[in-house]
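**Q** File name upload_6.txt; file contents compact mmCIF, N, CA and C atoms; full text below.
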```txt
# COMPACT_ATOMS: atom_id res chain seq x y z
N MET A 1 75.11 -52.92 146.96
CA MET A 1 74.79 -53.39 145.62
C MET A 1 73.50 -52.72 145.18
N GLU A 2 73.55 -52.14 144.00
CA GLU A 2 72.40 -51.46 143.44
C GLU A 2 71.48 -52.46 142.76
N THR A 3 70.16 -52.30 142.97
CA THR A 3 69.21 -53.23 142.36
C THR A 3 68.14 -52.45 141.60
N GLU A 4 67.49 -53.17 140.72
CA GLU A 4 66.37 -52.62 139.96
C GLU A 4 65.17 -53.53 140.17
N SER A 5 64.01 -52.94 140.41
CA SER A 5 62.80 -53.70 140.68
C SER A 5 62.05 -53.95 139.38
N LEU A 6 61.92 -55.24 139.02
CA LEU A 6 61.28 -55.62 137.76
C LEU A 6 60.28 -56.75 138.00
N THR A 7 59.23 -56.78 137.17
CA THR A 7 58.32 -57.92 137.20
C THR A 7 58.99 -59.05 136.41
N TYR A 8 58.43 -60.26 136.53
CA TYR A 8 59.00 -61.38 135.79
C TYR A 8 58.94 -61.11 134.28
N LYS A 9 57.84 -60.52 133.84
CA LYS A 9 57.69 -60.23 132.41
C LYS A 9 58.73 -59.22 131.95
N GLU A 10 58.93 -58.17 132.73
CA GLU A 10 59.93 -57.16 132.38
C GLU A 10 61.33 -57.76 132.37
N LEU A 11 61.61 -58.60 133.37
CA LEU A 11 62.92 -59.25 133.44
C LEU A 11 63.14 -60.15 132.23
N ALA A 12 62.11 -60.88 131.85
CA ALA A 12 62.22 -61.76 130.68
C ALA A 12 62.48 -60.95 129.42
N GLU A 13 61.80 -59.82 129.28
CA GLU A 13 62.01 -58.97 128.10
C GLU A 13 63.44 -58.43 128.07
N ARG A 14 63.94 -58.02 129.23
CA ARG A 14 65.29 -57.48 129.30
C ARG A 14 66.34 -58.54 128.98
N LEU A 15 66.06 -59.78 129.38
CA LEU A 15 67.03 -60.86 129.15
C LEU A 15 66.82 -61.57 127.83
N GLY A 16 65.67 -61.32 127.19
CA GLY A 16 65.37 -61.98 125.92
C GLY A 16 64.96 -63.43 126.10
N THR A 17 64.26 -63.73 127.21
CA THR A 17 63.82 -65.10 127.49
C THR A 17 62.32 -65.11 127.77
N GLN A 18 61.83 -66.24 128.21
CA GLN A 18 60.43 -66.41 128.57
C GLN A 18 60.24 -66.09 130.06
N PRO A 19 59.03 -65.68 130.48
CA PRO A 19 58.79 -65.41 131.90
C PRO A 19 59.08 -66.61 132.81
N ASP A 20 58.81 -67.83 132.35
CA ASP A 20 59.10 -69.01 133.17
C ASP A 20 60.61 -69.15 133.41
N SER A 21 61.39 -68.85 132.39
CA SER A 21 62.85 -68.90 132.55
C SER A 21 63.32 -67.85 133.54
N ALA A 22 62.68 -66.68 133.49
CA ALA A 22 63.03 -65.61 134.44
C ALA A 22 62.70 -66.04 135.87
N ARG A 23 61.57 -66.72 136.06
CA ARG A 23 61.21 -67.22 137.39
C ARG A 23 62.24 -68.20 137.92
N LYS A 24 62.68 -69.10 137.04
CA LYS A 24 63.68 -70.09 137.45
C LYS A 24 65.01 -69.42 137.80
N LEU A 25 65.37 -68.40 137.02
CA LEU A 25 66.60 -67.66 137.29
C LEU A 25 66.53 -66.98 138.65
N VAL A 26 65.40 -66.35 138.94
CA VAL A 26 65.22 -65.66 140.22
C VAL A 26 65.32 -66.66 141.36
N LYS A 27 64.74 -67.83 141.19
CA LYS A 27 64.80 -68.85 142.24
C LYS A 27 66.24 -69.34 142.44
N ARG A 28 66.96 -69.56 141.32
CA ARG A 28 68.35 -70.03 141.41
C ARG A 28 69.24 -69.00 142.08
N ARG A 29 69.07 -67.74 141.71
CA ARG A 29 69.92 -66.66 142.23
C ARG A 29 69.47 -66.19 143.62
N ARG A 30 68.27 -66.62 144.01
CA ARG A 30 67.71 -66.24 145.33
C ARG A 30 67.61 -64.73 145.50
N TRP A 31 67.13 -64.08 144.43
CA TRP A 31 66.92 -62.65 144.50
C TRP A 31 65.65 -62.37 145.28
N GLN A 32 65.63 -61.23 145.94
CA GLN A 32 64.50 -60.86 146.79
C GLN A 32 63.28 -60.53 145.94
N LYS A 33 62.11 -61.01 146.41
CA LYS A 33 60.85 -60.78 145.70
C LYS A 33 59.89 -60.07 146.65
N ARG A 34 59.06 -59.21 146.07
CA ARG A 34 58.01 -58.53 146.84
C ARG A 34 56.78 -58.38 145.95
N LYS A 35 55.64 -58.45 146.59
CA LYS A 35 54.39 -58.25 145.86
C LYS A 35 54.09 -56.76 145.86
N GLY A 36 53.88 -56.20 144.67
CA GLY A 36 53.60 -54.78 144.55
C GLY A 36 52.14 -54.46 144.81
N ASN A 37 51.82 -53.17 144.84
CA ASN A 37 50.43 -52.74 145.06
C ASN A 37 49.51 -53.17 143.93
N ASP A 38 50.08 -53.37 142.76
CA ASP A 38 49.29 -53.78 141.60
C ASP A 38 49.07 -55.30 141.57
N GLY A 39 49.60 -56.02 142.54
CA GLY A 39 49.44 -57.46 142.61
C GLY A 39 50.53 -58.23 141.88
N GLU A 40 51.37 -57.54 141.15
CA GLU A 40 52.48 -58.17 140.43
C GLU A 40 53.64 -58.41 141.39
N VAL A 41 54.33 -59.52 141.20
CA VAL A 41 55.53 -59.79 142.00
C VAL A 41 56.68 -59.03 141.37
N ARG A 42 57.41 -58.31 142.19
CA ARG A 42 58.57 -57.55 141.71
C ARG A 42 59.82 -58.17 142.31
N VAL A 43 60.85 -58.27 141.48
CA VAL A 43 62.10 -58.89 141.87
C VAL A 43 63.17 -57.81 141.90
N SER A 44 64.00 -57.83 142.94
CA SER A 44 65.13 -56.92 143.03
C SER A 44 66.31 -57.57 142.32
N VAL A 45 66.61 -57.08 141.11
CA VAL A 45 67.66 -57.66 140.28
C VAL A 45 68.88 -56.75 140.35
N PRO A 46 70.06 -57.31 140.63
CA PRO A 46 71.27 -56.48 140.65
C PRO A 46 71.52 -55.83 139.29
N VAL A 47 71.84 -54.55 139.31
CA VAL A 47 72.07 -53.79 138.08
C VAL A 47 73.24 -54.38 137.30
N GLU A 48 74.27 -54.86 138.02
CA GLU A 48 75.43 -55.44 137.34
C GLU A 48 75.02 -56.64 136.48
N TYR A 49 74.08 -57.43 136.97
CA TYR A 49 73.62 -58.59 136.21
C TYR A 49 72.92 -58.15 134.93
N LEU A 50 72.08 -57.11 135.06
CA LEU A 50 71.35 -56.63 133.88
C LEU A 50 72.29 -56.01 132.86
N GLU A 51 73.33 -55.30 133.31
CA GLU A 51 74.27 -54.68 132.39
C GLU A 51 75.10 -55.71 131.66
N GLY A 52 75.40 -56.82 132.33
CA GLY A 52 76.24 -57.85 131.73
C GLY A 52 75.49 -58.77 130.80
N THR A 53 74.16 -58.76 130.85
CA THR A 53 73.40 -59.73 130.05
C THR A 53 72.33 -59.04 129.21
N ARG A 54 72.67 -57.97 128.58
CA ARG A 54 71.71 -57.30 127.70
C ARG A 54 71.37 -58.23 126.54
N ALA A 55 70.09 -58.32 126.23
CA ALA A 55 69.66 -59.14 125.10
C ALA A 55 70.00 -58.40 123.81
N PRO A 56 70.60 -59.08 122.86
CA PRO A 56 70.93 -58.42 121.59
C PRO A 56 69.66 -58.09 120.83
N ASP A 57 69.73 -56.97 120.09
CA ASP A 57 68.58 -56.60 119.27
C ASP A 57 68.43 -57.63 118.16
N ARG A 58 67.21 -58.05 117.93
CA ARG A 58 66.96 -59.05 116.90
C ARG A 58 66.94 -58.40 115.54
N GLU A 59 67.53 -59.11 114.59
CA GLU A 59 67.53 -58.63 113.22
C GLU A 59 66.38 -59.29 112.48
N PRO A 60 65.87 -58.64 111.44
CA PRO A 60 64.78 -59.25 110.68
C PRO A 60 65.15 -60.64 110.13
N ALA A 61 66.41 -60.87 109.82
CA ALA A 61 66.82 -62.17 109.29
C ALA A 61 66.56 -63.27 110.32
N GLN A 62 66.82 -62.97 111.59
CA GLN A 62 66.59 -63.95 112.64
C GLN A 62 65.10 -64.25 112.75
N ASP A 63 64.27 -63.22 112.66
CA ASP A 63 62.82 -63.42 112.75
C ASP A 63 62.33 -64.27 111.58
N SER A 64 62.85 -64.01 110.38
CA SER A 64 62.40 -64.80 109.23
C SER A 64 62.90 -66.23 109.35
N ALA A 65 64.08 -66.43 109.94
CA ALA A 65 64.58 -67.79 110.15
C ALA A 65 63.68 -68.53 111.13
N ARG A 66 63.24 -67.83 112.15
CA ARG A 66 62.32 -68.44 113.11
C ARG A 66 61.00 -68.80 112.45
N GLU A 67 60.52 -67.92 111.58
CA GLU A 67 59.28 -68.20 110.87
C GLU A 67 59.44 -69.43 109.97
N ASP A 68 60.62 -69.56 109.33
CA ASP A 68 60.88 -70.73 108.50
C ASP A 68 60.89 -71.99 109.35
N ASP A 69 61.49 -71.91 110.55
CA ASP A 69 61.50 -73.06 111.46
C ASP A 69 60.07 -73.43 111.86
N ARG A 70 59.26 -72.42 112.14
CA ARG A 70 57.87 -72.67 112.52
C ARG A 70 57.10 -73.30 111.37
N ASP A 71 57.35 -72.81 110.14
CA ASP A 71 56.69 -73.39 108.97
C ASP A 71 57.06 -74.86 108.82
N ALA A 72 58.35 -75.17 109.05
CA ALA A 72 58.79 -76.56 108.94
C ALA A 72 58.13 -77.40 110.03
N GLU A 73 58.03 -76.85 111.23
CA GLU A 73 57.38 -77.59 112.31
C GLU A 73 55.91 -77.82 112.00
N PHE A 74 55.24 -76.82 111.44
CA PHE A 74 53.84 -76.98 111.06
C PHE A 74 53.68 -78.05 109.97
N ALA A 75 54.60 -78.08 109.03
CA ALA A 75 54.54 -79.08 107.97
C ALA A 75 54.68 -80.48 108.56
N VAL A 76 55.60 -80.64 109.49
CA VAL A 76 55.79 -81.95 110.14
C VAL A 76 54.53 -82.33 110.90
N LEU A 77 53.96 -81.37 111.62
CA LEU A 77 52.74 -81.64 112.38
C LEU A 77 51.58 -82.02 111.46
N GLU A 78 51.48 -81.35 110.32
CA GLU A 78 50.41 -81.67 109.38
C GLU A 78 50.55 -83.09 108.85
N VAL A 79 51.78 -83.53 108.59
CA VAL A 79 52.01 -84.90 108.13
C VAL A 79 51.62 -85.88 109.23
N GLN A 80 51.99 -85.57 110.47
CA GLN A 80 51.64 -86.44 111.59
C GLN A 80 50.13 -86.51 111.78
N ILE A 81 49.46 -85.39 111.62
CA ILE A 81 48.00 -85.36 111.75
C ILE A 81 47.35 -86.22 110.67
N ALA A 82 47.86 -86.11 109.44
CA ALA A 82 47.31 -86.92 108.35
C ALA A 82 47.51 -88.41 108.63
N ALA A 83 48.68 -88.77 109.15
CA ALA A 83 48.94 -90.18 109.48
C ALA A 83 48.00 -90.66 110.58
N LEU A 84 47.78 -89.84 111.56
CA LEU A 84 46.87 -90.21 112.65
C LEU A 84 45.43 -90.35 112.15
N ARG A 85 45.03 -89.49 111.23
CA ARG A 85 43.68 -89.60 110.65
C ARG A 85 43.52 -90.93 109.90
N GLU A 86 44.57 -91.34 109.18
CA GLU A 86 44.53 -92.62 108.49
C GLU A 86 44.41 -93.77 109.47
N ILE A 87 45.13 -93.69 110.58
CA ILE A 87 45.06 -94.73 111.60
C ILE A 87 43.66 -94.80 112.19
N VAL A 88 43.07 -93.65 112.46
CA VAL A 88 41.72 -93.60 113.02
C VAL A 88 40.72 -94.22 112.03
N ALA A 89 40.85 -93.88 110.76
CA ALA A 89 39.94 -94.44 109.74
C ALA A 89 40.08 -95.95 109.65
N ALA A 90 41.33 -96.45 109.70
CA ALA A 90 41.55 -97.90 109.64
C ALA A 90 40.95 -98.58 110.87
N GLU A 91 41.10 -97.98 112.02
CA GLU A 91 40.54 -98.56 113.25
C GLU A 91 39.01 -98.54 113.22
N ARG A 92 38.43 -97.50 112.63
CA ARG A 92 36.97 -97.48 112.50
C ARG A 92 36.48 -98.62 111.60
N ARG A 93 37.19 -98.83 110.46
CA ARG A 93 36.82 -99.93 109.57
C ARG A 93 36.94 -101.27 110.28
N ARG A 94 38.02 -101.44 111.06
CA ARG A 94 38.23 -102.68 111.80
C ARG A 94 37.13 -102.88 112.83
N ALA A 95 36.74 -101.82 113.52
CA ALA A 95 35.68 -101.91 114.53
C ALA A 95 34.35 -102.26 113.88
N GLU A 96 34.07 -101.66 112.72
CA GLU A 96 32.81 -101.95 112.02
C GLU A 96 32.77 -103.41 111.57
N ALA A 97 33.90 -103.93 111.08
CA ALA A 97 33.96 -105.34 110.67
C ALA A 97 33.77 -106.25 111.87
N ALA A 98 34.37 -105.90 113.00
CA ALA A 98 34.22 -106.71 114.21
C ALA A 98 32.77 -106.70 114.69
N GLU A 99 32.12 -105.54 114.61
CA GLU A 99 30.72 -105.45 115.01
C GLU A 99 29.84 -106.30 114.09
N ALA A 100 30.11 -106.28 112.78
CA ALA A 100 29.33 -107.09 111.84
C ALA A 100 29.52 -108.57 112.13
N ASP A 101 30.75 -108.97 112.41
CA ASP A 101 31.04 -110.37 112.74
C ASP A 101 30.33 -110.77 114.04
N ARG A 102 30.36 -109.90 115.01
CA ARG A 102 29.68 -110.15 116.27
C ARG A 102 28.18 -110.34 116.05
N ASP A 103 27.59 -109.48 115.24
CA ASP A 103 26.15 -109.56 114.97
C ASP A 103 25.79 -110.86 114.26
N ARG A 104 26.66 -111.31 113.31
CA ARG A 104 26.42 -112.58 112.63
C ARG A 104 26.43 -113.73 113.63
N TRP A 105 27.42 -113.76 114.51
CA TRP A 105 27.49 -114.82 115.52
C TRP A 105 26.32 -114.74 116.49
N HIS A 106 25.91 -113.54 116.81
CA HIS A 106 24.77 -113.39 117.72
C HIS A 106 23.51 -113.95 117.09
N ASP A 107 23.31 -113.67 115.80
CA ASP A 107 22.13 -114.19 115.10
C ASP A 107 22.13 -115.72 115.08
N LEU A 108 23.31 -116.30 114.90
CA LEU A 108 23.41 -117.75 114.93
C LEU A 108 23.13 -118.31 116.32
N ALA A 109 23.59 -117.59 117.33
CA ALA A 109 23.44 -118.09 118.71
C ALA A 109 22.01 -118.03 119.20
N VAL A 110 21.22 -117.09 118.75
CA VAL A 110 19.86 -116.95 119.26
C VAL A 110 18.85 -117.75 118.44
N ARG A 111 19.28 -118.38 117.35
CA ARG A 111 18.36 -119.22 116.58
C ARG A 111 17.97 -120.43 117.41
N PRO A 112 16.79 -120.91 117.24
CA PRO A 112 16.39 -122.13 117.96
C PRO A 112 17.31 -123.30 117.57
N TRP A 113 17.40 -124.28 118.48
CA TRP A 113 18.32 -125.39 118.27
C TRP A 113 17.93 -126.22 117.06
N TRP A 114 16.63 -126.33 116.80
CA TRP A 114 16.19 -127.16 115.68
C TRP A 114 16.52 -126.50 114.35
N LYS A 115 16.57 -125.12 114.33
CA LYS A 115 16.96 -124.44 113.06
C LYS A 115 18.46 -124.59 112.83
N ARG A 116 19.23 -124.60 113.93
CA ARG A 116 20.68 -124.80 113.80
C ARG A 116 20.97 -126.20 113.25
N LEU A 117 20.17 -127.18 113.67
CA LEU A 117 20.39 -128.56 113.18
C LEU A 117 19.96 -128.71 111.73
N ALA A 118 18.85 -128.07 111.39
CA ALA A 118 18.31 -128.22 110.04
C ALA A 118 19.10 -127.38 109.04
N GLY A 119 19.74 -126.38 109.53
CA GLY A 119 20.57 -125.57 108.64
C GLY A 119 19.82 -124.48 108.07
```
Show me the file's structure as structure tokens.

**A**
Amino acid sequence: METESLTYKELAERLGTQPDSARKLVKRRRWQKRKGNDGEVRVSVPVEYLEGTRAPDREPAQDSAREDDRDAEFAVLEVQIAALREIVAAERRRAEAAEADRDRWHDLAVRPWWKRLAG
């Protein structure tokens, strides 16, 4: 069986996936790994596997669709951030009111007993 020696990054590029996915694939397939002189791990990938799973060339339409998806995700995240900021502001107001109430009770508690009776 003929093999090709690729790094995880190169394998991911050839397959059109992420390097972590390539690592998981190598582990599942139990392909042989070796550390190269450059410190990179190289995997012996069967040529038949690479020929059968060529990543299709991306078209600009796909890239723009991905950008639209990212824009939508960013919009959702911005709405969530705004909601969280409102929650934080409400909690700050609540904490300030609780502190003011605590201070009022503290002032009453430290007054001498005769002032509490006299009012």

**Q** Restricting the calculation to only N, CA and C atoms: of A:Leu15, A:Arg102, A:Leu108, A:Thr3, which residue gets closest to Val47 (chain A)?

**A** A:Thr3

**Q** Among chain A, which ones does DSSP place in strand (DSSP E or B), written as a list in words?

**A**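 These are the residues in question: Thr3, Glu4, Ser5, Leu6, Thr7, Lys33, Arg34, Lys35, Val41, Arg42, Val43, Ser44, Val45 and Pro46 of chain A.
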
**Q** Enclose region 19-36 of chain A, meaning all of its atoms listed in the file, in a box aligned along x, y and z, pad it by 4 Å on each side, and list the centre and edge lengths in Å to one decimal, as lines of an AutoDock Vina configuration file.

**A**
```
center_x = 61.0
center_y = -62.3
center_z = 138.7
size_x = 25.8
size_y = 23.6
size_z = 24.4
```

**Q** A:Tyr8, A:Lys33, A:Tyr49, A:Gly39: which is nearest Asp20 (chain A), counting all atoms listed in the file?

**A**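 Using all atoms listed in the file, the shortest distance to Asp20 (chain A) belongs to A:Tyr8.
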
**Q** Could you list, as a list in words, every residue within 7 Å of Gln18 (chain A), counting only N, CA and C atoms and ignoring same-chain residues fewer than 5 positions away?

**A**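 So the residues in contact are Tyr8, Lys9, Leu11, Ala12, Glu13 and Arg23 of chain A.
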
**Q** Go ahead and compute the interatomic distance for CA of Ser44 (chain A) and CA of Lys24 (chain A), in Å to one decimal.

**A**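 One can read the CA of Ser44 (chain A) to CA of Lys24 (chain A) distance as 14.4 Å.
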
**Q** Rounded to one decimal place, report the atom C of Arg66 (chain A)-atom N of Leu84 (chain A) distance in Å.

**A**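 Computed distance, atom C of Arg66 (chain A) to atom N of Leu84 (chain A), equals 24.9 Å.
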
**Q** Quick one: residues within 7 Å of Arg42 (chain A), only C-alpha atoms, excluding same-chain residues fewer than 5 positions away - as a PyMOL selection string?

**A** chain A and resi 5-7+33-36

**Q** For the residues in the current selection, export N, CA and C atoms as an mmCIF file, in the frame of the given file.

**A**
```cif
data_model
loop_
_atom_site.group_PDB
_atom_site.id
_atom_site.type_symbol
_atom_site.label_atom_id
_atom_site.label_comp_id
_atom_site.auth_asym_id
_atom_site.auth_seq_id
_atom_site.Cartn_x
_atom_site.Cartn_y
_atom_site.Cartn_z
ATOM 1 N N SER A 5 64.010 -52.940 140.410
ATOM 2 C CA SER A 5 62.800 -53.700 140.680
ATOM 3 C C SER A 5 62.050 -53.950 139.380
ATOM 4 N N LEU A 6 61.920 -55.240 139.020
ATOM 5 C CA LEU A 6 61.280 -55.620 137.760
ATOM 6 C C LEU A 6 60.280 -56.750 138.000
ATOM 7 N N THR A 7 59.230 -56.780 137.170
ATOM 8 C CA THR A 7 58.320 -57.920 137.200
ATOM 9 C C THR A 7 58.990 -59.050 136.410
ATOM 10 N N LYS A 33 62.110 -61.010 146.410
ATOM 11 C CA LYS A 33 60.850 -60.780 145.700
ATOM 12 C C LYS A 33 59.890 -60.070 146.650
ATOM 13 N N ARG A 34 59.060 -59.210 146.070
ATOM 14 C CA ARG A 34 58.010 -58.530 146.840
ATOM 15 C C ARG A 34 56.780 -58.380 145.950
ATOM 16 N N LYS A 35 55.640 -58.450 146.590
ATOM 17 C CA LYS A 35 54.390 -58.250 145.860
ATOM 18 C C LYS A 35 54.090 -56.760 145.860
ATOM 19 N N GLY A 36 53.880 -56.200 144.670
ATOM 20 C CA GLY A 36 53.600 -54.780 144.550
ATOM 21 C C GLY A 36 52.140 -54.460 144.810
#
```

**Q** One number please: atom N of Asp101 (chain A) to atom C of Ala89 (chain A), in Å, one decimal.

**A** 16.3 Å

**Q** Using only N, CA and C atoms, which of A:Arg94, A:Leu50, A:Arg28, A:Glu2 sits nearest Arg14 (chain A)?

**A**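 Under the stated criterion, the closest residue is A:Leu50.
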